[in-house]
Amino acid sequence: AARAQPGVQRLKAYDPGHDLVALRRKFGEANLAELGSNENPYGPSPAARQAILDSLHALHRYPDPLGADLKRALAARHGVDVKQIQLGNGSHELLMQLGQVFAGPGDEIVFSRYGFAVFALSAQAAGAQMRIVEALPRDAAMPNGHDLDAIAAAVGPATRLVYIANPNNPTGTWFGRDALIAFLDRVPGEVIVVMDEAYAEMADAPDYASALSLLDRYPNLAITRTFSKAYGLAGLRVGYLLAQPGLIAVMDRLRESFNVNGLGLAACEAALGDVDHLQWACARNAEQRSALSEALGRRGLRVFPSQTNFVLVEFGARTPQIEAALVERGVILRPMGGYGLADCIRISVGSPDENRRLLAALDEVLA
Ligand code: PMP
C-alpha cells in the first residue's frame with residue numbers, strides 16, 4: 001500500500017463539508033444560499049471579467065512564469081519591490097510551501113488552536129512538529145482569538161515558523177498594531193512569522209492593523225494575501241506572499257514553474273486596478289456583517305465578533321441537527337466540529353438576499 005511519510009500518515013483528505021455539485025443540482029443554484037466557504041457574493045470587478053475574455057486567445061500558451069505584470073501592479077499597490085513578492089496558486093499554496101521550505105523533521109511550527117486549518121496541514125506535510133497554543137478563552141474580549149503572549153512564549157530553539165492569521169478563520173478575531181509589534185519584538189529574528197491576511201481588506205475596525213507597514217522593520221515577517229475573498233476571484237486561485245527579497249528567493253526554488261494560470265494573472269491585475277469595486281464590496285460586506293450579526297443575536301444566538309466576511313455563531317448542543325435541517329432547506333454553512341468547535345457554525349456573510357433566506361430557514365428550524 002502507498003506508505004506516506006509519518007506526518008502525512010495521520011492526515012485526512014480535505015473535507016469540503018457538503019457535496020455542492022449535488023446540492024446545486026437538487027435545489028438549482030439560484031435557490032441555494034451558499035454560505036459555507038467565505039466567498040464574495042458580489043463577484044469580481046467587471047474589469048477582471050474583461051481581462052479574462054481578452055486572454056482567451058492565449059490558452060494554448062503557458063502563462064508568464066514570472067507573473068511580472070501582476071507583481072509590478074502588486075508592488076505599486078503595496079509600496080514594495082517586485083522582489084518582495086511571490087505569487088501562489090491561492091495563498092493556500094504559499095502557506096504550504098512556507099512549511100516545506102523552512103521546516104522539516106525535528107523542527108517546530110507554532111500556531112494557535114482554532115488557527116486556520118492549513119497551518120496544521122503545512123506542518124504535517126513538512127514532517128515538522130506542531131506546537132499548538134491554547135487560544136484566548138471563549139469569554140475573553142476577543143473570544144477564541146490568538147493569545148499572542150502565549151504564542152511568543154511557545155517559541156523555542158526548535159521553532160522555525162509561526163503561523164498567525166489576522167483576522168483569523170474560523171474565529172473572525174483580530175488584533176492591532178501595538179499587539180503585533182510587541183509580539184514581533186519577542187520573536188527571535190531567525191524564526192519566520194507568517195501573517196496570513198486573507199481577510200485584511202475587509203477589516204475596518206480601528207483596532208485592526210495589517211503587518212504590511214512592518215515588513216522593513218522585521219526581516220523575518222512574511223505576509224500572505226489572496227484574491228479569493230475581497231476581490232471575489234476564488235475560482236481563479238491566486239494568492240501572494242510579501243516578504244524580504246532573500247526569503248522570496250529561497251521560496252522560489254520550490255515553486256512550480258507555472259503555478260499561477262494565465263487567466264488568473266490577467267484578471268487579478270485588472271481587479272487590482274479597480275479600487276472602487278473593492279471598496280464597494282468591502283463596504284457592503286461590513287454593512288451586511290453587522291446586520292446579520294444583529295439579526296442572529298435577536299434570535300438568542302451568540303455571535304462572536306468578526307472583521308471578516310463570516311461570523312462564528314454558537315448554536316449549542318443541537319448544532320448538528322440545526323445544521324442538517326438548514327442544508328435540507330438549501331442553506332449551506334460550515335460546521336465547526338473539525339476545528340474543535342462542535343457547538344458552533346461558521347456562516348459566511350452573503351448578499352442581502354442570501355442572508356434573508358438564511359434567516360427565514362433558521363426561523364423555521366429554530367421554531
Ligand atoms: N487563509 C485563510 C485565513 C483563509 O480563510 C483562506 C481561505 N479559506 C486561505 C488562507 C486560503 O485562501 P486561498 O487559497 O483561496 O488564497
# chains A, B, ... in the order shown; residues from 1 in each chain; ligands from 1

$ closest_atom_pairs --of "chain A" --to "ligand 1" --cutoff "8 Å" --atoms "only C-alpha atoms and all ligand atoms" --output "tab-separated table"
residue	atom	partner	partner_atom_place_in_ligand_line	distance
A:Ser37	CA	ligand 1	8 (N)	6.5
A:Asn38	CA	ligand 1	8 (N)	6.6
A:Asn89	CA	ligand 1	14 (O)	6.9
A:Gly90	CA	ligand 1	14 (O)	3.5
A:Ser91	CA	ligand 1	16 (O)	3.6
A:His92	CA	ligand 1	14 (O)	3.7
A:Glu93	CA	ligand 1	14 (O)	6.5
A:Leu95	CA	ligand 1	10 (C)	7.7
A:Gly115	CA	ligand 1	3 (C)	7.9
A:Phe116	CA	ligand 1	3 (C)	5.2
A:Val118	CA	ligand 1	10 (C)	7.4
A:Ala165	CA	ligand 1	3 (C)	5.6
A:Asn166	CA	ligand 1	3 (C)	7.7
A:Pro167	CA	ligand 1	3 (C)	7.3
A:Asn168	CA	ligand 1	3 (C)	5.4
A:Asn169	CA	ligand 1	3 (C)	4.6
A:Pro170	CA	ligand 1	5 (O)	7.1
A:Asp196	CA	ligand 1	1 (N)	5.7
A:Glu197	CA	ligand 1	3 (C)	6.7
A:Ala198	CA	ligand 1	1 (N)	4.9
A:Tyr199	CA	ligand 1	3 (C)	6.9
A:Thr224	CA	ligand 1	10 (C)	7.7
A:Arg225	CA	ligand 1	16 (O)	6.7
A:Thr226	CA	ligand 1	16 (O)	4.3
A:Phe227	CA	ligand 1	16 (O)	6.4
A:Ser228	CA	ligand 1	15 (O)	4.7
A:Lys229	CA	ligand 1	15 (O)	7.3
A:Ala234	CA	ligand 1	15 (O)	5.5
A:Arg237	CA	ligand 1	15 (O)	5.7
A:Val238	CA	ligand 1	16 (O)	6.1
A:Gly239	CA	ligand 1	16 (O)	4.8
A:Tyr240	CA	ligand 1	16 (O)	8.0

$ closest_atom_pairs --of "region 150-186 of chain A" --to "region 139-142 of chain A" --cutoff "10 Å" --atoms "only C-alpha atoms" --output "CSV"
residue,atom,partner,partner_atom,distance
A:Thr171,CA,A:Met142,CA,9.3
A:Gly172,CA,A:Met142,CA,9.4
A:Thr173,CA,A:Met142,CA,6.3
A:Trp174,CA,A:Met142,CA,7.7
A:Phe175,CA,A:Met142,CA,8.6

$ closest_residue --among "A:Val331, A:Leu56, A:Cys344, A:Ala360" --to "Arg24 (chain A)" --atoms "only C-alpha atoms"
A:Val331

$ closest_residue --among "A:Asn261, A:Asn40, A:Gln288, A:Gln129" --to "Ala58 (chain A)" --atoms "only C-alpha atoms"
A:Asn261

$ select_by_dssp --residues "region 39-271 of chain A" --states "alpha helix (DSSP H)" --output "number ranges by chain"
A: 46-55, 68-78, 90-102, 117-126, 148-154, 177-186, 245-252, 262-271

$ closest_residue --among "A:Leu272, A:Ala325, A:Leu221, A:Leu254" --to "Leu74 (chain A)" --atoms "only C-alpha atoms"
A:Leu272

$ select_by_dssp --residues "region 16-234 of chain A" --states "strand (DSSP E)" --output "VMD selection string"
chain A and resid 33 to 34 85 to 88 108 to 112 129 to 133 159 to 165 192 to 196 221 to 226

$ atom_distance --atom1 "CA of Ala2 (chain A)" --atom2 "CA of Arg160 (chain A)"
29.2 Å

$ atom_distance --atom1 "CA of Ser348 (chain A)" --atom2 "CA of Leu242 (chain A)"
26.7 Å

$ closest_atom_pairs --of "region 109-227 of chain A" --to "region 4-8 of chain A" --cutoff "7 Å" --atoms "only C-alpha atoms" --output "Markdown table"
| residue | atom | partner | partner_atom | distance |
| --- | --- | --- | --- | --- |
| A:Gln124 | CA | A:Gly7 | CA | 4.5 |
| A:Ala125 | CA | A:Val8 | CA | 5.9 |
| A:Gly127 | CA | A:Gly7 | CA | 4.8 |

$ write_last_selection --atoms "N, CA and C atoms" --output "compact mmCIF listing (two decimals), in the first residue's frame"
# COMPACT_ATOMS: atom_id res chain seq x y z
N GLN A 124 2.41 19.28 9.04
CA GLN A 124 2.45 17.83 8.88
C GLN A 124 3.02 17.43 7.53
N ALA A 125 2.72 18.20 6.49
CA ALA A 125 3.28 17.88 5.18
C ALA A 125 4.80 18.03 5.20
N GLY A 127 6.57 17.38 7.75
CA GLY A 127 7.13 16.42 8.71
C GLY A 127 7.63 17.10 9.97

$ closest_residue --among "A:Arg329, A:Arg255, A:Lys83, A:Arg131" --to "Gln97 (chain A)" --atoms "only C-alpha atoms"
A:Arg255

$ residues_around --residues "Ala270 (chain A)" --least-positions-apart "2" --cutoff "7 Å" --atoms "only C-alpha atoms" --output "list in words"
Ala47, Ala48, Ala51, Ala266, Ala267, Cys268, Leu272, Gly273 and Asp274 of chain A

$ write_last_selection --atoms "N, CA and C atoms" --output "tab-separated table (two decimals), in the first residue's frame"
chain	number	residue	atom	x	y	z
A	47	ALA	N	-13.86	44.59	-14.71
A	47	ALA	CA	-12.57	44.67	-15.42
A	47	ALA	C	-11.86	43.32	-15.41
A	48	ALA	N	-12.05	42.55	-14.35
A	48	ALA	CA	-11.41	41.23	-14.27
A	48	ALA	C	-12.05	40.28	-15.29
A	51	ALA	N	-10.71	41.19	-18.65
A	51	ALA	CA	-9.32	40.76	-18.83
A	51	ALA	C	-9.26	39.27	-19.16
A	266	ALA	N	-4.04	37.70	-15.49
A	266	ALA	CA	-4.66	38.85	-16.17
A	266	ALA	C	-5.80	39.43	-15.33
A	267	ALA	N	-6.65	38.55	-14.80
A	267	ALA	CA	-7.82	39.03	-14.06
A	267	ALA	C	-7.41	39.74	-12.77
A	268	CYS	N	-6.43	39.23	-12.09
A	268	CYS	CA	-6.02	39.83	-10.81
A	268	CYS	C	-5.38	41.19	-11.03
A	272	LEU	N	-7.03	44.50	-9.42
A	272	LEU	CA	-6.24	45.39	-8.57
A	272	LEU	C	-6.41	46.86	-8.97
A	273	GLY	N	-6.65	47.05	-10.28
A	273	GLY	CA	-6.82	48.41	-10.77
A	273	GLY	C	-8.19	49.01	-10.46
A	274	ASP	N	-9.13	48.18	-10.08
A	274	ASP	CA	-10.50	48.66	-9.82
A	274	ASP	C	-10.72	48.81	-8.31

$ residues_around --residues "Phe27 (chain A)" --least-positions-apart "6" --cutoff "12 Å" --atoms "only C-alpha atoms" --output "list in words"
Leu20, Val21, Ala33, Glu34, Val327, Glu328, Arg329, Gly330, Val331 and Ile332 of chain A

$ residues_around --residues "region 176-192 of chain A" --least-positions-apart "2" --cutoff "7 Å" --atoms "only C-alpha atoms" --output "PDB file with C-alpha atoms, in the first residue's frame"
ATOM      1  CA  LEU A 148      -0.042  36.378  21.299  1.00  0.00           C
ATOM      2  CA  ALA A 152       5.538  34.141  21.831  1.00  0.00           C
ATOM      3  CA  THR A 159      10.833  26.726  16.212  1.00  0.00           C
ATOM      4  CA  ARG A 160      11.287  27.656  12.567  1.00  0.00           C
ATOM      5  CA  LEU A 161       7.882  29.134  11.754  1.00  0.00           C
ATOM      6  CA  VAL A 162       4.928  30.756  13.476  1.00  0.00           C
ATOM      7  CA  VAL A 194       3.811  34.194   8.772  1.00  0.00           C
ATOM      8  CA  ASP A 207      -8.083  48.328  16.475  1.00  0.00           C
ATOM      9  CA  TYR A 208      -7.153  46.151  13.490  1.00  0.00           C
ATOM     10  CA  ALA A 209      -3.778  46.533  11.776  1.00  0.00           C
ATOM     11  CA  ASN A 220      11.530  37.624   9.487  1.00  0.00           C
ATOM     12  CA  LEU A 221       7.993  38.724   8.634  1.00  0.00           C
TER      13      LEU A 221
END

$ residues_around --residues "Tyr62 (chain A)" --least-positions-apart "6" --cutoff "12 Å" --atoms "only C-alpha atoms" --output "PyMOL selection string"
chain A and resi 55+257-263+265

$ write_last_selection --atoms "C-alpha atoms" --output "CSV table (one decimal), in the first residue's frame"
chain,number,residue,atom,x,y,z
A,55,SER,CA,-6.7,36.5,-22.6
A,257,SER,CA,7.2,26.9,-13.0
A,258,PHE,CA,3.7,27.9,-14.0
A,259,ASN,CA,1.9,27.8,-10.7
A,260,VAL,CA,-0.5,30.7,-11.5
A,261,ASN,CA,-2.6,30.3,-14.6
A,262,GLY,CA,-2.8,33.0,-17.3
A,263,LEU,CA,-6.4,33.9,-16.8
A,265,LEU,CA,-2.7,36.7,-13.8

$ residues_around --residues "His277 (chain A)" --least-positions-apart "2" --cutoff "9 Å" --atoms "only C-alpha atoms" --output "PyMOL selection string"
chain A and resi 44-46+231+271+274-275+279-282

$ write_last_selection --atoms "C-alpha atoms" --output "mmCIF file, in the first residue's frame"
data_model
loop_
_atom_site.group_PDB
_atom_site.id
_atom_site.type_symbol
_atom_site.label_atom_id
_atom_site.label_comp_id
_atom_site.auth_asym_id
_atom_site.auth_seq_id
_atom_site.Cartn_x
_atom_site.Cartn_y
_atom_site.Cartn_z
ATOM 1 C CA PRO A 44 -15.096 40.338 -9.094
ATOM 2 C CA SER A 45 -14.674 43.673 -10.807
ATOM 3 C CA PRO A 46 -16.111 43.749 -14.344
ATOM 4 C CA TYR A 231 -11.559 40.606 -4.759
ATOM 5 C CA ALA A 271 -9.039 43.608 -10.374
ATOM 6 C CA ASP A 274 -10.499 48.663 -9.824
ATOM 7 C CA VAL A 275 -10.218 50.083 -6.317
ATOM 8 C CA GLN A 279 -14.142 49.270 -1.644
ATOM 9 C CA TRP A 280 -17.762 48.833 -2.641
ATOM 10 C CA ALA A 281 -17.667 45.070 -1.969
ATOM 11 C CA CYS A 282 -15.909 45.581 1.376
#

$ closest_residue --among "A:Met336, A:Ala120, A:Ala230, A:Met251" --to "Glu108 (chain A)" --atoms "only C-alpha atoms"
A:Ala120

$ atom_distance --atom1 "CA of Gly235 (chain A)" --atom2 "CA of Arg356 (chain A)"
24.9 Å

$ closest_residue --among "A:Asp252, A:Gln50, A:Leu247, A:Leu359" --to "Gly297 (chain A)" --atoms "only C-alpha atoms"
A:Leu359

$ decode --residues "region 245-260 of chain A" --atoms "N, CA and C atoms" --output "short mmCIF file (atom, residue, chain, number, x, y, z; two decimals), in the first residue's frame"
data_model
loop_
_atom_site.label_atom_id
_atom_site.label_comp_id
_atom_site.auth_asym_id
_atom_site.auth_seq_id
_atom_site.Cartn_x
_atom_site.Cartn_y
_atom_site.Cartn_z
N PRO A 245 13.34 40.18 0.08
CA PRO A 245 13.78 39.50 -1.15
C PRO A 245 14.51 38.18 -0.90
N GLY A 246 15.29 38.11 0.16
CA GLY A 246 16.03 36.88 0.45
C GLY A 246 15.08 35.72 0.71
N LEU A 247 14.03 35.98 1.45
CA LEU A 247 13.06 34.92 1.77
C LEU A 247 12.32 34.49 0.50
N ILE A 248 11.94 35.48 -0.31
CA ILE A 248 11.23 35.17 -1.56
C ILE A 248 12.12 34.33 -2.48
N ALA A 249 13.40 34.69 -2.55
CA ALA A 249 14.32 33.96 -3.44
C ALA A 249 14.42 32.50 -3.02
N VAL A 250 14.43 32.24 -1.73
CA VAL A 250 14.50 30.85 -1.26
C VAL A 250 13.20 30.12 -1.59
N MET A 251 12.08 30.79 -1.38
CA MET A 251 10.78 30.19 -1.73
C MET A 251 10.71 29.83 -3.21
N ASP A 252 11.31 30.66 -4.03
CA ASP A 252 11.22 30.50 -5.48
C ASP A 252 11.85 29.18 -5.95
N ARG A 253 12.76 28.62 -5.14
CA ARG A 253 13.43 27.39 -5.55
C ARG A 253 12.44 26.23 -5.67
N LEU A 254 11.37 26.25 -4.88
CA LEU A 254 10.43 25.13 -4.90
C LEU A 254 9.17 25.43 -5.69
N ARG A 255 9.07 26.63 -6.24
CA ARG A 255 7.84 26.99 -6.94
C ARG A 255 7.69 26.20 -8.24
N GLU A 256 6.51 25.71 -8.47
CA GLU A 256 6.21 25.07 -9.74
C GLU A 256 6.29 26.15 -10.82
N SER A 257 6.87 25.83 -11.97
CA SER A 257 7.19 26.87 -12.96
C SER A 257 6.00 27.74 -13.34
N PHE A 258 4.84 27.12 -13.51
CA PHE A 258 3.68 27.89 -13.99
C PHE A 258 2.54 27.76 -12.97
N ASN A 259 2.85 28.10 -11.73
CA ASN A 259 1.88 27.81 -10.66
C ASN A 259 0.65 28.70 -10.70
N VAL A 260 0.74 29.85 -11.34
CA VAL A 260 -0.45 30.71 -11.46
C VAL A 260 -0.88 30.76 -12.93
#
